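Here is the structure we will look at.
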Amino acid sequence: MSNESNNAPQDQVEEVVTPEVVADEASLMDELTQANFRIEELEQQLAETQAALAERKDVEMRAAAETQNIRTRAAKDVEQARKFALEKFVNELLPVIDNMERALQGTDPENETTKAIYEGVELTMKGFLTSVEKFGVNQVNPQGEAFNPDHHQAIGMQPSAEFPANTVMMVMQKGYLLNDRLLRPAMVMVSQGGNSVDVEA
């Protein structure tokens, strides 16, 4: 009987302790579960934030690149405008230069009557060409040079024993460049080379 009485309090103690432990364990499991959910939630928020940050960095880099491209294009446009702003003005001056050249061809520097006119026109034309060269205008006078379709316009071809084939044998009108851009091609006559008799010989 004493054994039974000894066992009874132990059973009661065990019965009392067990529900508390189970309750503590359940509470601990709930806390762990909630903590795991919270960790997952925070990890998801972190991943979303990192993705948004990466996207924003990409947008900023693209914007910076676009800004740099715009600056480069604008600088290039300004440079082109600066270099070629005089194009229309120079095109208006070309007939004046042509007329001075015709005046030189129409006068004889050896003839006392026209010598002063020739010298005056020649001096004026040299000064004029020197002035326009300061602004990037250069004359294309290809007499005796190889024909260049980029800078010359062939009026025709003629046989010539004096000039090799595809050489400019006569310049009818000089061409002009503005900062290496063609304003007007030189009008030229191109040599076909020696005549057929010379070729056969």
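Within each chain, counting starts at residue 1; across the structure tokens, chains are named A, B, ... in the order shown, with ligands numbered 1 upward in that order.
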I'd like the neighbourhood of stretch 86-96 of chain A as an MDAnalysis selection string, where a residue qualifies if any of its atoms comes within 8 Å (using only C-alpha atoms), though same-chain residues fewer than 4 positions away should be ignored. chainID A and resid 100 137 178 183
Step one, run DSSP on the backbone; step two, keep only residues of stretch 60-149 of chain A assigned to strand (DSSP E); then write them as a PyMOL selection string. chain A and resi 137-140
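Considering the residues A:Ala85, A:Met169, A:Leu42, A:Ile155 and counting only C-alpha atoms, A:Met187 has its shortest atom-to-atom contact with A:Ile155.
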Which of chain A end up as alpha helix (DSSP H) when DSSP is run on this backbone - answer as a VMD selection string? chain A and resid 2 to 84 87 to 105 112 to 133 196 to 200
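Among the candidate residues A:Ala116, A:Leu123, A:Val132, A:Ile97, the one lying nearest to A:Gln173 is A:Ile97, with distances computed using only C-alpha atoms.
Residues in contact range of A:Gly106, defined as at most 9 Å between only C-alpha atoms, with sequence neighbours fewer than 4 positions away removed, read Glu101, Arg102 and Tyr118 of chain A.
Residue nearest A:Asn148, chosen from A:Val188, A:Met29, A:Val59, A:Leu129 and counting only C-alpha atoms: A:Val188.
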For A:Met157, list every protein, DNA or RNA residue within 8 Å, evaluated using only C-alpha atoms, and leave out those in the same chain fewer than 5 positions away; present the list as a PDB file with N, CA and C atoms, in the first residue's frame.
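Output below, filename selection.pdb:
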```pdb
ATOM      1  N   MET A 189      39.077  68.353-118.544  1.00  0.00           N
ATOM      2  CA  MET A 189      39.184  67.491-119.721  1.00  0.00           C
ATOM      3  C   MET A 189      40.240  66.446-119.382  1.00  0.00           C
ATOM      4  N   VAL A 190      39.914  65.182-119.629  1.00  0.00           N
ATOM      5  CA  VAL A 190      40.792  64.080-119.229  1.00  0.00           C
ATOM      6  C   VAL A 190      41.441  63.463-120.461  1.00  0.00           C
ATOM      7  N   SER A 191      42.705  63.124-120.309  1.00  0.00           N
ATOM      8  CA  SER A 191      43.463  62.525-121.408  1.00  0.00           C
ATOM      9  C   SER A 191      43.130  61.047-121.548  1.00  0.00           C
ATOM     10  N   GLN A 192      43.028  60.617-122.828  1.00  0.00           N
ATOM     11  CA  GLN A 192      42.877  59.191-123.108  1.00  0.00           C
ATOM     12  C   GLN A 192      44.236  58.539-123.315  1.00  0.00           C
TER      13      GLN A 192
END
```
Using only C-alpha atoms, which residues sit within 6 Å of A:Pro185 once same-chain residues fewer than 6 positions away are excluded, as a ChimeraX atom specification? /A:151-153,175
For the atom pair atom CA of A:Arg181 and atom CA of A:Phe84, what is the interatomic distance in Å to one decimal place? 8.6 Å
